>>> print(open('start_1.csv').read())   # CSV, C-alpha atoms
chain,number,residue,atom,x,y,z
A,1,SER,CA,44.1,84.4,16.7
A,2,HIS,CA,42.0,87.4,18.1
A,3,LEU,CA,44.0,89.9,16.1
A,4,SER,CA,43.4,93.6,16.4
A,5,VAL,CA,42.4,95.7,13.3
A,6,GLY,CA,45.9,97.2,13.3
A,7,LYS,CA,47.6,93.8,13.1
A,8,ILE,CA,45.2,92.6,10.4
A,9,SER,CA,46.1,95.8,8.4
A,10,ILE,CA,49.8,95.0,8.8
A,11,LEU,CA,49.3,91.5,7.5
A,12,VAL,CA,47.3,92.7,4.5
A,13,GLY,CA,49.9,95.4,3.8
A,14,ILE,CA,52.7,92.8,4.0
A,15,HIS,CA,50.9,90.5,1.6
A,16,GLU,CA,50.4,93.3,-0.9
A,17,ILE,CA,54.0,94.6,-0.7
A,18,PHE,CA,55.5,91.2,-1.2
A,19,LEU,CA,53.0,90.4,-4.0
A,20,LEU,CA,54.2,93.6,-5.7
A,21,VAL,CA,57.9,92.5,-5.2
A,22,PHE,CA,57.4,88.9,-6.5
A,23,ASP,CA,54.9,89.6,-9.3
A,24,PHE,CA,57.0,91.0,-12.0
A,25,PRO,CA,59.8,88.4,-12.1
A,26,SER,CA,57.3,85.5,-11.6
A,27,GLY,CA,56.1,85.5,-15.2
A,28,VAL,CA,59.7,85.4,-16.5
A,29,ILE,CA,60.4,82.4,-14.3
A,30,SER,CA,57.2,80.8,-15.7
A,31,ASP,CA,58.3,81.4,-19.3
A,32,PHE,CA,61.8,80.2,-18.5
A,33,VAL,CA,61.2,77.0,-16.5
A,34,GLY,CA,57.7,76.1,-17.8
A,35,ARG,CA,54.2,77.4,-17.2
A,36,LYS,CA,52.7,74.1,-15.9
A,37,LYS,CA,55.6,73.5,-13.6
A,38,THR,CA,55.4,77.0,-12.1
A,39,ALA,CA,51.6,77.0,-11.7
A,40,SER,CA,51.7,73.5,-10.1
A,41,ILE,CA,54.4,74.4,-7.6
A,42,SER,CA,52.7,77.7,-6.7
A,43,LEU,CA,49.4,75.8,-6.0
A,44,ILE,CA,51.3,73.4,-3.7
A,45,PHE,CA,52.9,76.3,-1.9
A,46,TYR,CA,49.6,78.1,-1.6
A,47,GLY,CA,47.9,75.0,-0.1
A,48,ILE,CA,50.8,74.6,2.4
A,49,GLY,CA,50.3,78.3,3.3
A,50,LEU,CA,46.6,77.8,3.9
A,51,ILE,CA,47.3,74.8,6.2
A,52,LEU,CA,50.0,76.7,8.1
A,53,LEU,CA,47.6,79.6,8.5
A,54,THR,CA,45.1,77.2,10.2
A,55,TYR,CA,47.7,76.4,12.9
A,56,SER,CA,49.6,79.7,13.2
A,57,THR,CA,49.7,80.7,16.9
A,58,SER,CA,51.9,83.8,16.8
A,59,PHE,CA,52.0,87.1,14.9
A,60,ILE,CA,55.5,86.4,13.5
A,61,MET,CA,54.3,83.1,12.2
A,62,LEU,CA,51.3,84.8,10.5
A,63,ILE,CA,53.7,87.3,8.8
A,64,LEU,CA,55.8,84.4,7.4
A,65,VAL,CA,52.7,82.6,6.2
A,66,PHE,CA,51.4,85.8,4.5
A,67,ILE,CA,54.7,86.2,2.7
A,68,LEU,CA,54.5,82.6,1.5
A,69,LEU,CA,50.9,83.2,0.3
A,70,ALA,CA,52.1,86.3,-1.6
A,71,PHE,CA,54.9,84.4,-3.2
A,72,ALA,CA,52.5,81.6,-4.3
A,73,ASN,CA,49.9,84.1,-5.6
A,74,ALA,CA,52.6,85.9,-7.6
A,75,MET,CA,54.0,82.7,-9.1
A,76,PHE,CA,50.5,81.6,-10.1
A,77,SER,CA,49.6,84.9,-11.9
A,78,GLY,CA,49.8,84.5,-15.6
A,79,SER,CA,51.1,80.9,-15.6
A,80,PRO,CA,47.9,78.9,-16.2
A,81,GLN,CA,46.5,81.5,-18.7
A,82,ALA,CA,49.7,81.4,-20.7
A,83,TRP,CA,49.9,77.6,-20.5
A,84,PHE,CA,46.3,77.0,-21.6
A,85,TYR,CA,46.4,79.6,-24.4
A,86,ASP,CA,49.6,78.2,-25.9
A,87,MET,CA,48.2,74.6,-25.6
A,88,LEU,CA,45.3,75.8,-27.7
A,89,ILE,CA,47.9,77.0,-30.3
A,90,LYS,CA,49.8,73.7,-30.2
A,91,GLU,CA,46.6,71.6,-30.5
A,92,ASP,CA,45.4,73.8,-33.4
A,93,ARG,CA,42.3,74.7,-31.3
A,94,LEU,CA,42.8,78.5,-31.2
A,95,LYS,CA,39.8,78.9,-33.6
A,96,ASP,CA,37.6,77.6,-30.7
A,97,ARG,CA,38.9,80.1,-28.1
A,98,ASP,CA,35.7,82.2,-28.4
A,99,LYS,CA,33.7,79.3,-27.1
A,100,ILE,CA,36.2,77.7,-24.7
A,101,LEU,CA,37.8,80.6,-22.7
A,102,PRO,CA,34.6,82.5,-21.7
A,103,ARG,CA,32.9,79.3,-20.7
A,104,ILE,CA,35.9,78.3,-18.6
A,105,GLY,CA,35.6,81.7,-16.9
A,106,GLY,CA,32.0,81.1,-16.2
A,107,VAL,CA,32.7,77.7,-14.7
A,108,VAL,CA,35.4,79.1,-12.5
A,109,LYS,CA,33.0,81.8,-11.2
A,110,VAL,CA,30.3,79.1,-10.4
A,111,MET,CA,32.9,77.0,-8.6
A,112,SER,CA,34.0,80.1,-6.6
A,113,LEU,CA,30.4,80.6,-5.5
A,114,PHE,CA,30.1,76.9,-4.5
A,115,SER,CA,33.4,77.2,-2.6
A,116,SER,CA,32.2,80.3,-0.7
A,117,LEU,CA,28.9,78.7,0.3
A,118,SER,CA,30.7,75.5,1.3
A,119,ALA,CA,33.1,77.6,3.4
A,120,VAL,CA,30.2,79.2,5.3
A,121,ALA,CA,28.7,75.8,6.0
A,122,LEU,CA,32.1,74.4,7.2
A,123,MET,CA,32.7,77.4,9.5
A,124,ALA,CA,29.6,76.5,11.4
A,125,LEU,CA,31.4,73.3,12.4
A,126,ASP,CA,34.9,74.7,12.9
A,127,VAL,CA,36.3,78.1,11.8
A,128,ARG,CA,39.5,76.4,10.7
A,129,LEU,CA,37.9,73.8,8.4
A,130,PRO,CA,37.6,75.9,5.2
A,131,LEU,CA,41.4,76.7,5.3
A,132,LEU,CA,42.4,73.1,6.1
A,133,ILE,CA,40.2,71.5,3.5
A,134,GLY,CA,40.9,74.2,1.0
A,135,GLY,CA,44.7,73.8,1.5
A,136,ILE,CA,44.5,70.0,1.0
A,137,ALA,CA,42.4,70.5,-2.2
A,138,VAL,CA,44.8,73.0,-3.7
A,139,ILE,CA,47.8,70.8,-3.0
A,140,ILE,CA,46.0,67.8,-4.7
A,141,ALA,CA,45.2,70.0,-7.6
A,142,GLY,CA,48.8,71.2,-7.9
A,143,ILE,CA,50.2,67.6,-7.8
A,144,THR,CA,47.6,66.4,-10.3
A,145,PHE,CA,48.5,69.3,-12.7
A,146,LEU,CA,52.2,68.6,-12.3
A,147,ILE,CA,52.0,64.9,-13.0
A,148,PHE,CA,49.4,64.5,-15.7
A,149,PHE,CA,49.6,67.5,-18.0
A,150,GLU,CA,52.1,68.5,-20.6
A,151,ASP,CA,54.2,71.7,-20.1
A,152,ASN,CA,55.1,74.6,-22.4
A,153,ARG,CA,57.3,77.6,-22.1
A,154,GLY,CA,58.8,80.5,-24.0
A,155,ASN,CA,61.6,80.2,-26.5
A,156,ILE,CA,64.6,81.1,-24.3
A,157,GLU,CA,67.2,80.3,-27.0
A,158,ASN,CA,69.6,78.7,-24.4
A,159,ARG,CA,70.0,82.0,-22.6
A,160,LYS,CA,70.5,82.4,-18.8
A,161,PHE,CA,67.6,83.5,-16.6
A,162,PHE,CA,68.9,87.0,-16.0
A,163,GLU,CA,69.4,87.6,-19.7
A,164,VAL,CA,65.8,86.6,-20.3
A,165,PHE,CA,64.6,88.8,-17.4
A,166,THR,CA,66.6,91.8,-18.6
A,167,LYS,CA,65.4,91.4,-22.2
A,168,PHE,CA,61.7,91.2,-21.2
A,169,SER,CA,62.0,94.1,-18.7
A,170,LYS,CA,63.4,96.2,-21.6
A,171,GLU,CA,60.6,95.1,-24.0
A,172,PHE,CA,57.9,95.6,-21.3
A,173,LEU,CA,58.9,99.3,-20.9
A,174,THR,CA,59.9,100.1,-24.5
A,175,ASP,CA,57.7,98.0,-26.8
A,176,ARG,CA,55.0,100.3,-28.2
A,177,ARG,CA,52.3,97.6,-28.3
A,178,MET,CA,53.0,96.6,-24.7
A,179,ARG,CA,52.9,100.3,-23.6
A,180,GLY,CA,49.6,100.7,-25.5
A,181,MET,CA,48.0,97.7,-23.7
A,182,ILE,CA,49.4,98.8,-20.3
A,183,ALA,CA,47.8,102.2,-20.8
A,184,PHE,CA,44.2,101.1,-21.3
A,185,GLU,CA,44.7,98.3,-18.7
A,186,ILE,CA,45.7,100.8,-16.0
A,187,PHE,CA,42.7,103.1,-16.6
A,188,ASP,CA,40.4,100.1,-16.7
A,189,TYR,CA,41.7,98.6,-13.5
A,190,THR,CA,41.6,102.0,-11.7
A,191,ALA,CA,37.9,102.4,-12.5
A,192,PHE,CA,37.3,98.8,-11.4
A,193,SER,CA,39.2,99.4,-8.2
A,194,LEU,CA,37.1,102.5,-7.4
A,195,PHE,CA,34.0,100.3,-7.7
A,196,ILE,CA,35.5,97.6,-5.4
A,197,PHE,CA,36.5,100.1,-2.8
A,198,VAL,CA,33.3,102.2,-2.8
A,199,TRP,CA,30.3,99.9,-3.4
A,200,GLN,CA,30.0,98.5,0.1
A,201,LEU,CA,30.7,101.8,1.8
A,202,PHE,CA,28.1,103.5,-0.4
A,203,LEU,CA,25.4,101.0,0.7
A,204,LEU,CA,26.4,101.0,4.3
A,205,ASN,CA,26.8,104.8,4.8
A,206,ARG,CA,24.2,106.1,2.4
A,207,PHE,CA,21.4,103.5,2.6
A,208,HIS,CA,22.4,101.7,5.9
A,209,MET,CA,22.2,98.3,4.3
A,210,THR,CA,22.8,95.3,6.7
A,211,GLU,CA,25.9,93.1,6.4
A,212,LYS,CA,23.6,90.1,5.7
A,213,MET,CA,22.1,91.8,2.7
A,214,ILE,CA,25.6,92.7,1.4
A,215,SER,CA,26.5,89.0,1.7
A,216,ILE,CA,23.5,88.1,-0.5
A,217,LEU,CA,24.7,90.7,-3.0
A,218,PHE,CA,28.0,89.0,-3.2
A,219,VAL,CA,26.2,85.8,-4.3
A,220,CYS,CA,24.2,87.8,-6.9
A,221,PHE,CA,27.4,89.5,-8.2
A,222,THR,CA,29.1,86.1,-8.7
A,223,LEU,CA,26.1,84.6,-10.5
A,224,THR,CA,25.8,87.7,-12.7
A,225,MET,CA,29.5,87.5,-13.7
A,226,ALA,CA,29.1,83.8,-14.5
A,227,VAL,CA,26.2,84.6,-16.7
A,228,GLY,CA,28.2,87.4,-18.4
A,229,SER,CA,31.1,84.9,-19.1
A,230,PHE,CA,28.8,82.3,-20.6
A,231,LEU,CA,26.9,84.8,-22.7
A,232,THR,CA,30.2,86.2,-24.1
A,233,SER,CA,30.6,83.0,-26.2
A,234,PHE,CA,27.1,83.7,-27.6
A,235,PHE,CA,27.8,87.3,-28.4
A,236,LEU,CA,31.0,86.5,-30.1
A,237,LYS,CA,29.1,84.5,-32.8
A,238,TYR,CA,27.7,87.9,-34.0
A,239,MET,CA,30.6,90.3,-33.5
A,240,ASN,CA,34.4,90.3,-33.0
A,241,GLY,CA,36.0,90.5,-29.6
A,242,PHE,CA,37.1,94.1,-29.9
A,243,THR,CA,33.6,95.4,-30.7
A,244,LEU,CA,32.2,93.4,-27.7
A,245,SER,CA,34.9,94.9,-25.4
A,246,VAL,CA,33.9,98.4,-26.4
A,247,ILE,CA,30.2,97.6,-25.8
A,248,GLY,CA,31.1,96.1,-22.4
A,249,LYS,CA,33.1,99.2,-21.4
A,250,ILE,CA,30.3,101.6,-22.6
A,251,GLY,CA,28.0,99.6,-20.4
A,252,ILE,CA,30.3,100.0,-17.4
A,253,ILE,CA,30.4,103.8,-18.0
A,254,ILE,CA,26.6,103.9,-18.1
A,255,THR,CA,26.5,102.0,-14.7
A,256,PHE,CA,28.8,104.5,-13.1
A,257,ILE,CA,26.6,107.3,-14.4
A,258,ILE,CA,23.6,105.5,-12.9
A,259,GLU,CA,25.4,105.3,-9.5
A,260,CYS,CA,26.3,109.0,-9.7
A,261,LEU,CA,22.7,110.1,-10.3
A,262,ALA,CA,20.8,107.4,-8.3
A,263,ASP,CA,18.7,108.6,-5.4
A,264,ASN,CA,17.2,105.3,-4.3
A,265,ILE,CA,18.6,101.9,-3.3
A,266,TRP,CA,16.9,99.9,-6.1
A,267,LEU,CA,18.4,102.0,-8.8
A,268,VAL,CA,21.8,101.6,-7.1
A,269,LEU,CA,21.4,97.8,-7.0
A,270,VAL,CA,20.4,97.7,-10.6
A,271,GLY,CA,23.5,99.6,-11.5
A,272,TYR,CA,25.7,97.2,-9.5
A,273,ILE,CA,24.3,94.2,-11.2
A,274,LEU,CA,24.7,95.8,-14.6
A,275,PHE,CA,28.3,96.7,-13.7
A,276,GLU,CA,29.1,93.1,-12.9
A,277,PHE,CA,27.5,91.8,-16.1
A,278,PHE,CA,29.2,94.4,-18.4
A,279,PHE,CA,32.6,94.0,-16.6
A,280,SER,CA,32.4,90.2,-17.0
A,281,VAL,CA,31.7,90.5,-20.8
A,282,SER,CA,34.3,93.2,-21.3
A,283,SER,CA,37.0,91.3,-19.4
A,284,ALA,CA,36.3,88.0,-21.2
A,285,SER,CA,36.3,89.5,-24.7
A,286,THR,CA,39.3,91.7,-24.1
A,287,GLY,CA,41.3,88.7,-22.8
A,288,LEU,CA,40.7,87.0,-26.1
A,289,TRP,CA,41.9,89.5,-28.7
A,290,LYS,CA,44.6,90.9,-26.4
A,291,ASN,CA,46.5,87.7,-26.7
A,292,ASP,CA,46.9,88.3,-30.5
A,293,TYR,CA,49.5,91.0,-29.6
A,294,ILE,CA,51.5,89.1,-27.0
A,295,SER,CA,54.4,86.8,-28.1
A,296,SER,CA,54.2,83.2,-27.0
A,297,ASN,CA,57.8,83.6,-25.8
A,298,ASN,CA,56.8,85.9,-23.0
A,299,ARG,CA,53.1,85.5,-22.6
A,300,ALA,CA,53.3,84.6,-18.8
A,301,SER,CA,55.8,87.4,-18.3
A,302,PHE,CA,53.4,90.0,-19.8
A,303,TYR,CA,50.5,88.8,-17.6
A,304,SER,CA,52.7,89.0,-14.5
A,305,GLY,CA,54.0,92.4,-15.6
A,306,ILE,CA,50.5,93.7,-15.9
A,307,SER,CA,49.6,92.1,-12.6
A,308,SER,CA,52.5,93.9,-10.9
A,309,VAL,CA,51.3,97.3,-12.2
A,310,LYS,CA,47.8,96.5,-10.9
A,311,SER,CA,49.3,95.6,-7.5
A,312,LEU,CA,51.1,98.9,-7.3
A,313,LEU,CA,47.8,100.7,-8.2
A,314,PHE,CA,45.9,98.8,-5.6
A,315,VAL,CA,48.5,99.8,-2.9
A,316,LEU,CA,48.4,103.4,-3.9
A,317,LEU,CA,44.6,103.5,-4.0
A,318,THR,CA,44.3,101.9,-0.6
A,319,PHE,CA,46.3,104.7,0.9
A,320,CYS,CA,44.6,107.6,-0.8
A,321,LEU,CA,41.0,106.6,-1.6
A,322,GLY,CA,39.7,107.2,1.9
A,323,GLU,CA,40.9,110.8,1.8
A,324,ILE,CA,39.4,111.2,-1.7
A,325,ILE,CA,35.9,110.0,-0.6
A,326,GLY,CA,36.0,112.2,2.5
A,327,LYS,CA,36.8,115.3,0.5
A,328,LEU,CA,34.9,114.7,-2.7
A,329,GLY,CA,31.9,112.5,-1.8
A,330,TYR,CA,30.5,109.4,-3.4
A,331,GLU,CA,28.9,111.1,-6.4
A,332,ILE,CA,32.2,112.7,-7.5
A,333,VAL,CA,34.0,109.3,-7.1
A,334,TRP,CA,31.4,107.6,-9.3
A,335,GLY,CA,31.7,110.4,-11.9
A,336,LEU,CA,35.5,110.1,-11.7
A,337,ALA,CA,35.2,106.3,-12.3
A,338,ALA,CA,33.1,107.0,-15.4
A,339,ILE,CA,35.6,109.4,-16.8
A,340,ILE,CA,38.5,107.0,-16.1
A,341,GLU,CA,36.7,104.2,-17.8
A,342,PHE,CA,35.9,106.4,-20.8
A,343,LEU,CA,39.6,107.2,-21.1
A,344,SER,CA,40.3,103.4,-21.1
A,345,VAL,CA,37.9,103.0,-24.0
A,346,VAL,CA,39.6,105.9,-25.9
A,347,LEU,CA,43.1,104.3,-25.3
A,348,MET,CA,41.9,100.9,-26.3
A,349,ILE,CA,40.4,102.2,-29.6
A,350,ARG,CA,43.6,104.1,-30.2
A,351,PHE,CA,45.6,100.9,-29.6
A,352,ILE,CA,43.6,99.0,-32.2
A,353,ARG,CA,43.8,101.8,-34.8
A,354,LYS,CA,47.6,102.0,-34.3
A,355,PHE,CA,48.6,98.4,-33.9
A,356,GLY,CA,45.6,96.5,-35.2
A,357,ASP,CA,47.6,94.9,-38.1
A,358,GLN,CA,50.6,94.1,-35.9
A,359,LYS,CA,49.4,90.8,-34.6
A,360,GLU,CA,51.6,87.8,-33.7
A,361,THR,CA,51.8,85.0,-36.2
A,362,SER,CA,49.8,82.6,-33.9
A,363,CYS,CA,46.5,84.4,-33.8
A,364,VAL,CA,42.9,84.2,-34.9
A,365,GLU,CA,41.9,86.3,-37.9
A,366,GLU,CA,38.6,88.1,-37.4
>>> encode(input="start_1.csv", output="structure tokens")
Amino acid sequence: SHLSVGKISILVGIHEIFLLVFDFPSGVISDFVGRKKTASISLIFYGIGLILLTYSTSFIMLILVFILLAFANAMFSGSPQAWFYDMLIKEDRLKDRDKILPRIGGVVKVMSLFSSLSAVALMALDVRLPLLIGGIAVIIAGITFLIFFEDNRGNIENRKFFEVFTKFSKEFLTDRRMRGMIAFEIFDYTAFSLFIFVWQLFLLNRFHMTEKMISILFVCFTLTMAVGSFLTSFFLKYMNGFTLSVIGKIGIIITFIIECLADNIWLVLVGYILFEFFFSVSSASTGLWKNDYISSNNRASFYSGISSVKSLLFVLLTFCLGEIIGKLGYEIVWGLAAIIEFLSVVLMIRFIRKFGDQKETSCVEE
């Protein structure tokens, strides 16, 4: 559509704002009407959005499509994770989660790499083909999921939706376990966001790396994260999920320190690859034991609540990070990220010491 940078920024801003608006209630809807149903419908809407995006000819149409995509993204957040985890509980397979969930994460990352490479090849034929084929594929996936898989949801006790929404909102803000998890999640996501915002700028401005080389790095990052997910299953044979989470986070802190002190591009790249590996291990292992402290009744609601907090952080960081980098410089930002991640580790250890014995009844004993 030959959009200007200003209009693209407006579209991205609209998407993030509406994602923030839709995110929090989406998980409650999922727990209320069914996780499979919600995830399936959101996939169908997302596919429709991609197809409409292919044929959008006006800026107003693009705005409406981006709102639809934000709605679909929000409705999807938390639903499949909550559905799959509670299906493991129902099928009495929760003891196998250390093997299953990290490997699924690894497969998803490999598939995302394959999709990205396929999109590049399709764009050589027609720039609209990736969106069109992707939209059709997502719609088919949504319909398949809706028809052929069993659903589950939270125990709503015949209450009305707004009663359920009000109850969860109160619990999300007042429950001490939830507040504890939100605390270390916020610091962890802030440190991660600093990396996401800064790594490309650091390479472009400090080392004058070409965009082609940065594209190659994306591929390396995805492969590294896939390896990290697969190896998480192996590591969990010898230690519990919490210990592995701490090791992963310590690894992340070390990589930030490397970036802070690095004076050549090879050391920077080694730090980047190590970050992706440790982040993948930490995320996969934390996602396992964290579920022990989330009720099946509002599992999707919690995921979406956390996602809404992260969306708010992302919007705030988008507005202020440029000013921070300009005034403090890259080294200070890397050092700040290390400190923030260290605080995340402290808060996570504090959470386990305080609530370690307050697990839900459906959980895996270490």
>>> closest_atom_pairs(input="start_1.csv", of="stretch 263-360 of chain A", to="stretch 185-193 of chain A", cutoff="6 Å", atoms="all atoms listed in the file", output="tab-separated table")
residue	atom	partner	partner_atom	distance
A:Ala337	CA	A:Ala191	CA	4.7
A:Ile340	CA	A:Phe187	CA	5.8
A:Glu341	CA	A:Asp188	CA	5.6
A:Ser344	CA	A:Phe187	CA	5.1
>>> residues_around(input="start_1.csv", residues="stretch 260-270 of chain A", least_positions_apart="4", cutoff="9 Å", atoms="all atoms listed in the file", output="list in words")
Leu203, Phe207, Leu217, Thr255, Phe256, Leu274, Phe275, Tyr330, Glu331, Ile332, Val333, Trp334 and Gly335 of chain A
>>> closest_residue(input="start_1.csv", among="A:Ser9, A:Phe168, A:Ile104, A:Thr243", to="A:Gly154", atoms="all atoms listed in the file")
A:Phe168
>>> closest_residue(input="start_1.csv", among="A:Ala226, A:Ala72, A:Ala338, A:Val315", to="A:Glu259", atoms="only C-alpha atoms")
A:Ala338
>>> residues_around(input="start_1.csv", residues="A:Phe197", least_positions_apart="4", cutoff="10 Å", atoms="all atoms listed in the file", output="list of chain:residue names")
A:Phe192, A:Ser193, A:Leu201, A:Phe202, A:Phe314, A:Leu317, A:Thr318, A:Leu321, A:Gly322
>>> closest_residue(input="start_1.csv", among="A:Ile48, A:Met348, A:Ala39, A:Ile250", to="A:Ala300", atoms="only C-alpha atoms")
A:Ala39
>>> atom_distance(input="start_1.csv", atom1="atom CA of A:Ile216", atom2="atom CA of A:Leu231")
22.7 Å
>>> closest_residue(input="start_1.csv", among="A:Val138, A:Ile67, A:Leu328, A:Leu146", to="A:Gly34", atoms="only C-alpha atoms")
A:Leu146
>>> residues_around(input="start_1.csv", residues="A:Asp292", least_positions_apart="3", cutoff="12 Å", atoms="all atoms listed in the file", output="NGL selection string")
:A and (85-86 or 89 or 94 or 97 or 177-178 or 181 or 241-242 or 286-289 or 295-296 or 299 or 352 or 355-366)
>>> closest_residue(input="start_1.csv", among="A:Val164, A:Leu68, A:Leu343, A:Leu53", to="A:Leu129", atoms="all atoms listed in the file")
A:Leu53
>>> atom_distance(input="start_1.csv", atom1="atom CA of A:Glu91", atom2="atom CA of A:Asp151")
12.9 Å
>>> residues_near_point(input="start_1.csv", point="(56.8, 91.3, -1.7)", cutoff="10 Å", atoms="all atoms listed in the file", output="ChimeraX atom specification")
/A:13-23,66-68,70-71,74
>>> residues_near_point(input="start_1.csv", point="(34.0, 83.1, -15.6)", cutoff="9 Å", atoms="all atoms listed in the file", output="MDAnalysis selection string")
chainID A and resid 101:110 222 225:230 280 284
>>> atom_distance(input="start_1.csv", atom1="atom CA of A:Leu3", atom2="atom CA of A:Ile51")
18.4 Å
>>> residues_around(input="start_1.csv", residues="A:Leu173", least_positions_apart="4", cutoff="12 Å", atoms="all atoms listed in the file", output="PDB file with C-alpha atoms, in the coordinates of the input")
ATOM      1  CA  THR A 166      66.600  91.800 -18.600  1.00  0.00           C
ATOM      2  CA  LYS A 167      65.400  91.400 -22.200  1.00  0.00           C
ATOM      3  CA  PHE A 168      61.700  91.200 -21.200  1.00  0.00           C
ATOM      4  CA  SER A 169      62.000  94.100 -18.700  1.00  0.00           C
ATOM      5  CA  ARG A 177      52.300  97.600 -28.300  1.00  0.00           C
ATOM      6  CA  MET A 178      53.000  96.600 -24.700  1.00  0.00           C
ATOM      7  CA  ARG A 179      52.900 100.300 -23.600  1.00  0.00           C
ATOM      8  CA  GLY A 180      49.600 100.700 -25.500  1.00  0.00           C
ATOM      9  CA  MET A 181      48.000  97.700 -23.700  1.00  0.00           C
ATOM     10  CA  ILE A 182      49.400  98.800 -20.300  1.00  0.00           C
ATOM     11  CA  ALA A 183      47.800 102.200 -20.800  1.00  0.00           C
ATOM     12  CA  PHE A 302      53.400  90.000 -19.800  1.00  0.00           C
ATOM     13  CA  GLY A 305      54.000  92.400 -15.600  1.00  0.00           C
ATOM     14  CA  ILE A 306      50.500  93.700 -15.900  1.00  0.00           C
ATOM     15  CA  VAL A 309      51.300  97.300 -12.200  1.00  0.00           C
TER      16      VAL A 309
END
